[in-house]
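Some notes on the structure that comes next.
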Amino acid sequence: MATGADVRDILELGGVESENTGTINKKDIINSDKDKKDAPPLLPSDTTQGYRTVKAKLGSKKVRPWKWMPFTNPARKDGAMFYHWRRAAEEGKDYPFARFNKTVQVPVYSEQEYQMYLHDDAWTKAETDHLFDLARRFDLRFVVIHDRYDHQQFKKRSVEDLKERYYHICAKLANIRAAPGTDLKIPVFDAGHERRRKEQLERLYNRTPEQVAEEEYLIQELRKIETRKKEREKRTQDLQKLITAADTTTEQRRAERKAPKKKLPQKKETEKPAVPETAGIKFPDFKSAGVTLRSQRMKLPSSVGQKKIKALEQMLMELGVDLNPMPTEEIVQMFNELRSDLVLLYELKQAFANCEYELQMLRHRYEALAKAGSIGPLSVEGAHPDGQTGLGIEEGKGDTKDQIIDVVGAPLTPNSVRRKVGGAEQGALRSPTQMP
């Protein structure tokens with residue numbers, strides 16, 4: 001038969017008192033983890049996470065007694081008595097949930113106040129008293145008040161009528177009872193606005209599926225028009241940057257030609273006008289110490305895309321310029337300037353093609369609307385070379401831009417427009433200065 005020492009040995013319990021007596025007491029069970037020290041683990045382990053049975057924390061304090069006791073709810077006026085379990089120390093205290101019983105303070109008026117300030121030909125005093133009695137009973141829940149309203153004894157009223165009468169009386173009483181000079185927050189109810197809101201909501205709810213589909217289609221078209229408007233504004237800004245860059249480059253070239261060729265002592269660098277990054281090519285400056293090759297200055301930066309590089313090579317081949325000239329100091333400078341001008345010319349051609357595409361798209365759209373009879377005939381100012389009628393919009397005027405109807409689709413594509421104006425562009429390719 002197992003003795004107390006065997007049980008203590010199995011549970012790994014110790015203590016002088018338990019060893020002497022050979023019995024297990026309460027302290028051995030409760031305080032067993034305090035004296036026991038586990039050896040450190042050989043492998044790192046985490047015992048704080050995962051499923052684990054929480055040990056019961058036994059204490060020596062007495063349990064607080066609970067008692068089955070009666071209570072009343074202050075929100076009830078019938079004096080009903082209920083019972084529940086509660087701590088004995090809280091006996092006689094108020095019901096803890098009574099503080100959540102909030103009531104609406106409905107104003108009370110006297111007979112004299114009604115006759116002097118609140119009289120209305122459309123409302124009788126009995127009907128007004130009935131309205132305020134329902135407002136106190138149902139805490140201003142006007143939908144419930146309208147449902148409980150005595151429509152047989154009194155005139156049939158809507159929810160808006162009941163609200164308007166109630167808040168009108170509240171505002172009158174607040175004005176006549178307020179002390180002079182006080183700032184009042186008078187509640188105002190706009191019955192007409194509420195009726196219009198409900199009418200619009202009812203119309204919205206009673207829409208047919210065809211009307212819903214049409215509205216969704218119009219919303220999508222509006223989003224497309226706004227997107228195209230943003231894109232057009234961005235292209236306009238880019239075009240303006242290109243024009244400014246072309247003018248700036250021309251002015252710089254003229255200034256360099258007029259400047260004397262004699263070497264003068266170095267002066268402080270003057271501030272150069274800001275040139276947009278999209279204009280031409282921005283070649284890297286090799287100002288670091290060490291030996292560099294002139295051919296490195298002719299290398300195109302990585303910011304130039306493959307499409308521009310191929311177009312640039314084609315332009316140089318048409319102009320008869322060697323793609324890899326002798327890298328002398330003067331040739332490197334002129335070659336880089338020529339390529340920068342050609343890239344600027346290429347970007348201007350792209351912007352011109354986009355503008356021509358949009359113009360032809362709007363022309364076809366305008367003609368389609370004119371045939372359908374949606375708008376009046378065009379004001380002809382002159383015929384185009386291709387035989388098409390002009391839009392009657394002068395260039396350079398921005399007042400008529402907002403009158404043009406924006407569209408999503410078009411009968412032509414940018415590529416077809418570029419092919420159409422390709423003959424004029426071929427002549428522009430040979431305008432730059434030839435290489436020496």
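Here's how to read the names in the structure tokens: chain A, B, ... by the order shown, residue numbers from 1 in each chain, ligand numbers from 1 in the order shown.
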
With a distance cut-off of 12 Å and only C-alpha atoms, select the neighbouring residues of A:Phe82, excluding the residue or stretch itself and same-chain residues fewer than 6 positions from it, and output the selection as an mmCIF file with N, CA and C atoms, in the first residue's frame.
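Output saved as part_11.cif:
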data_model
loop_
_atom_site.group_PDB
_atom_site.id
_atom_site.type_symbol
_atom_site.label_atom_id
_atom_site.label_comp_id
_atom_site.auth_asym_id
_atom_site.auth_seq_id
_atom_site.Cartn_x
_atom_site.Cartn_y
_atom_site.Cartn_z
ATOM 1 N N TRP A 68 -30.771 35.658 -3.376
ATOM 2 C CA TRP A 68 -31.953 35.786 -4.247
ATOM 3 C C TRP A 68 -32.859 36.835 -3.623
ATOM 4 N N MET A 69 -32.933 38.012 -4.283
ATOM 5 C CA MET A 69 -33.632 39.137 -3.671
ATOM 6 C C MET A 69 -34.556 39.801 -4.693
ATOM 7 N N PRO A 70 -35.585 40.472 -4.234
ATOM 8 C CA PRO A 70 -36.532 41.147 -5.145
ATOM 9 C C PRO A 70 -35.982 42.509 -5.581
ATOM 10 N N PHE A 71 -36.505 43.016 -6.705
ATOM 11 C CA PHE A 71 -36.160 44.355 -7.166
ATOM 12 C C PHE A 71 -37.303 44.869 -8.033
ATOM 13 N N THR A 72 -37.353 46.193 -8.188
ATOM 14 C CA THR A 72 -38.350 46.860 -9.031
ATOM 15 C C THR A 72 -37.635 47.685 -10.089
ATOM 16 N N ASN A 73 -38.265 47.810 -11.238
ATOM 17 C CA ASN A 73 -37.715 48.590 -12.347
ATOM 18 C C ASN A 73 -38.344 49.977 -12.317
ATOM 19 N N PRO A 74 -37.534 51.051 -12.169
ATOM 20 C CA PRO A 74 -38.124 52.400 -12.113
ATOM 21 C C PRO A 74 -38.827 52.802 -13.401
ATOM 22 N N ARG A 76 -40.996 51.143 -14.957
ATOM 23 C CA ARG A 76 -42.377 50.649 -14.940
ATOM 24 C C ARG A 76 -43.170 51.417 -13.881
ATOM 25 N N TYR A 95 -31.670 49.589 -8.667
ATOM 26 C CA TYR A 95 -31.454 48.699 -9.803
ATOM 27 C C TYR A 95 -30.355 49.287 -10.702
#

Selection: 12 Å around A:Glu347, only C-alpha atoms, excl. self and same-chain fewer than 4 positions, as a list in words: Arg235, Asp238, Leu239, Gln240, Lys241, Leu242, Ile243, Ala245, Ala246, Thr278, Ala279, Gly280, Ile281, Val304, Lys307, Lys308, Ala311, Leu312, Ser340, Asp341, Leu342, Val343, Ala351, Phe352, Ala353 and Asn354 of chain A

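With atom CA of A:Arg136 on one side and atom CA of A:Arg197 on the other, the separation reads 27.0 Å.
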
Shortest contact to A:Trp85, candidates A:Glu199, A:Arg148, A:Pro65, A:Arg99, atoms counted only C-alpha atoms, goes to A:Pro65

At a cut-off of 12 Å, can you tabulate as JSON lines every residue of stretch 50-120 of chain A near stretch 175-180 of chain A together with its closest atom pair and the distance in Å to one decimal, using only C-alpha atoms and ordering rows by chain then number?
{"residue": "A:Pro107", "atom": "CA", "partner": "A:Arg177", "partner_atom": "CA", "distance": 11.2}
{"residue": "A:Val108", "atom": "CA", "partner": "A:Arg177", "partner_atom": "CA", "distance": 11.8}
{"residue": "A:Tyr109", "atom": "CA", "partner": "A:Arg177", "partner_atom": "CA", "distance": 10.7}
{"residue": "A:Glu113", "atom": "CA", "partner": "A:Ile176", "partner_atom": "CA", "distance": 9.2}
{"residue": "A:Tyr114", "atom": "CA", "partner": "A:Ile176", "partner_atom": "CA", "distance": 11.7}
{"residue": "A:Met116", "atom": "CA", "partner": "A:Ile176", "partner_atom": "CA", "distance": 10.7}
{"residue": "A:Tyr117", "atom": "CA", "partner": "A:Ile176", "partner_atom": "CA", "distance": 8.6}
{"residue": "A:Leu118", "atom": "CA", "partner": "A:Ile176", "partner_atom": "CA", "distance": 10.9}

Kindly export the residues of the current selection with N, CA, C and O atoms, as an mmCIF file, in the first residue's frame.
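The new file out_7.cif reads:
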data_model
loop_
_atom_site.group_PDB
_atom_site.id
_atom_site.type_symbol
_atom_site.label_atom_id
_atom_site.label_comp_id
_atom_site.auth_asym_id
_atom_site.auth_seq_id
_atom_site.Cartn_x
_atom_site.Cartn_y
_atom_site.Cartn_z
ATOM 1 N N PRO A 107 -42.555 69.490 -23.512
ATOM 2 C CA PRO A 107 -43.022 70.695 -22.794
ATOM 3 C C PRO A 107 -44.519 70.634 -22.484
ATOM 4 O O PRO A 107 -45.301 69.977 -23.182
ATOM 5 N N VAL A 108 -44.883 71.319 -21.434
ATOM 6 C CA VAL A 108 -46.277 71.416 -20.996
ATOM 7 C C VAL A 108 -46.694 72.878 -21.060
ATOM 8 O O VAL A 108 -45.936 73.762 -20.648
ATOM 9 N N TYR A 109 -47.866 73.129 -21.589
ATOM 10 C CA TYR A 109 -48.366 74.496 -21.735
ATOM 11 C C TYR A 109 -49.669 74.633 -20.930
ATOM 12 O O TYR A 109 -50.382 73.663 -20.678
ATOM 13 N N GLU A 113 -51.455 80.166 -22.022
ATOM 14 C CA GLU A 113 -50.412 80.187 -23.055
ATOM 15 C C GLU A 113 -50.950 79.698 -24.387
ATOM 16 O O GLU A 113 -50.577 80.223 -25.447
ATOM 17 N N TYR A 114 -51.801 78.711 -24.356
ATOM 18 C CA TYR A 114 -52.360 78.204 -25.618
ATOM 19 C C TYR A 114 -53.220 79.261 -26.307
ATOM 20 O O TYR A 114 -53.122 79.455 -27.511
ATOM 21 N N MET A 116 -53.086 82.497 -26.002
ATOM 22 C CA MET A 116 -52.363 83.706 -26.381
ATOM 23 C C MET A 116 -51.339 83.471 -27.494
ATOM 24 O O MET A 116 -51.163 84.326 -28.374
ATOM 25 N N TYR A 117 -50.660 82.309 -27.464
ATOM 26 C CA TYR A 117 -49.535 82.121 -28.381
ATOM 27 C C TYR A 117 -49.678 80.900 -29.292
ATOM 28 O O TYR A 117 -49.095 80.887 -30.385
ATOM 29 N N LEU A 118 -50.380 79.865 -28.889
ATOM 30 C CA LEU A 118 -50.366 78.589 -29.596
ATOM 31 C C LEU A 118 -51.626 78.322 -30.391
ATOM 32 O O LEU A 118 -51.758 77.234 -30.973
#

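Atom CA of A:Ser158 is found 23.2 Å from atom CA of A:Leu173.
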
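Atom CA of A:His119 lies 25.4 Å from atom CA of A:Asp183.
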
Who sits within 12 Å of A:Trp123, only C-alpha atoms, same chain under 6 positions skipped, as a PyMOL selection string: chain A and resi 114+129-131+154-157+161-162+164-166+169

Could the residues in this selection be saved with N, CA and C atoms as a PDB file, in the first residue's frame?
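This is the output file again-v5.pdb:
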ATOM      1  N   TYR A 114     -51.801  78.711 -24.356  1.00  0.00           N
ATOM      2  CA  TYR A 114     -52.360  78.204 -25.618  1.00  0.00           C
ATOM      3  C   TYR A 114     -53.220  79.261 -26.307  1.00  0.00           C
ATOM      4  N   ASP A 129     -53.715  68.619 -27.586  1.00  0.00           N
ATOM      5  CA  ASP A 129     -53.472  67.856 -26.349  1.00  0.00           C
ATOM      6  C   ASP A 129     -53.285  66.378 -26.649  1.00  0.00           C
ATOM      7  N   HIS A 130     -54.060  65.852 -27.569  1.00  0.00           N
ATOM      8  CA  HIS A 130     -53.915  64.443 -27.942  1.00  0.00           C
ATOM      9  C   HIS A 130     -52.536  64.182 -28.555  1.00  0.00           C
ATOM     10  N   LEU A 131     -52.039  65.115 -29.393  1.00  0.00           N
ATOM     11  CA  LEU A 131     -50.714  64.961 -30.005  1.00  0.00           C
ATOM     12  C   LEU A 131     -49.621  64.952 -28.945  1.00  0.00           C
ATOM     13  N   PHE A 154     -60.376  62.949 -34.929  1.00  0.00           N
ATOM     14  CA  PHE A 154     -59.757  64.173 -35.422  1.00  0.00           C
ATOM     15  C   PHE A 154     -59.479  64.049 -36.918  1.00  0.00           C
ATOM     16  N   LYS A 155     -59.009  65.139 -37.456  1.00  0.00           N
ATOM     17  CA  LYS A 155     -58.706  65.192 -38.883  1.00  0.00           C
ATOM     18  C   LYS A 155     -57.515  64.300 -39.206  1.00  0.00           C
ATOM     19  N   LYS A 156     -57.555  63.712 -40.396  1.00  0.00           N
ATOM     20  CA  LYS A 156     -56.462  62.838 -40.785  1.00  0.00           C
ATOM     21  C   LYS A 156     -55.211  63.667 -41.054  1.00  0.00           C
ATOM     22  N   ARG A 157     -54.115  63.300 -40.387  1.00  0.00           N
ATOM     23  CA  ARG A 157     -52.860  64.040 -40.493  1.00  0.00           C
ATOM     24  C   ARG A 157     -51.741  63.118 -40.971  1.00  0.00           C
ATOM     25  N   ASP A 161     -47.214  66.635 -40.875  1.00  0.00           N
ATOM     26  CA  ASP A 161     -48.113  67.567 -40.194  1.00  0.00           C
ATOM     27  C   ASP A 161     -47.946  67.487 -38.683  1.00  0.00           C
ATOM     28  N   LEU A 162     -47.822  66.271 -38.157  1.00  0.00           N
ATOM     29  CA  LEU A 162     -47.652  66.111 -36.712  1.00  0.00           C
ATOM     30  C   LEU A 162     -46.322  66.706 -36.252  1.00  0.00           C
ATOM     31  N   GLU A 164     -44.572  69.084 -37.743  1.00  0.00           N
ATOM     32  CA  GLU A 164     -44.590  70.535 -37.900  1.00  0.00           C
ATOM     33  C   GLU A 164     -45.342  71.197 -36.744  1.00  0.00           C
ATOM     34  N   ARG A 165     -46.486  70.643 -36.335  1.00  0.00           N
ATOM     35  CA  ARG A 165     -47.262  71.214 -35.234  1.00  0.00           C
ATOM     36  C   ARG A 165     -46.495  71.107 -33.915  1.00  0.00           C
ATOM     37  N   TYR A 166     -45.876  69.979 -33.664  1.00  0.00           N
ATOM     38  CA  TYR A 166     -45.157  69.782 -32.399  1.00  0.00           C
ATOM     39  C   TYR A 166     -43.971  70.745 -32.282  1.00  0.00           C
ATOM     40  N   ILE A 169     -44.889  74.440 -31.765  1.00  0.00           N
ATOM     41  CA  ILE A 169     -45.265  74.779 -30.387  1.00  0.00           C
ATOM     42  C   ILE A 169     -44.032  74.833 -29.500  1.00  0.00           C
TER      43      ILE A 169
END

Write out as a ChimeraX atom specification all residues of stretch 40-216 of chain A that DSSP puts in helix (DSSP H, G or I) for this structure's backbone. /A:88-90,96-100,111-118,125-137,142-148,159-177,191-205,209-216

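Residues within 9 Å of A:Val144, counting only C-alpha atoms and excluding same-chain residues fewer than 5 positions away, are Leu134, Phe138 and Tyr149 of chain A.
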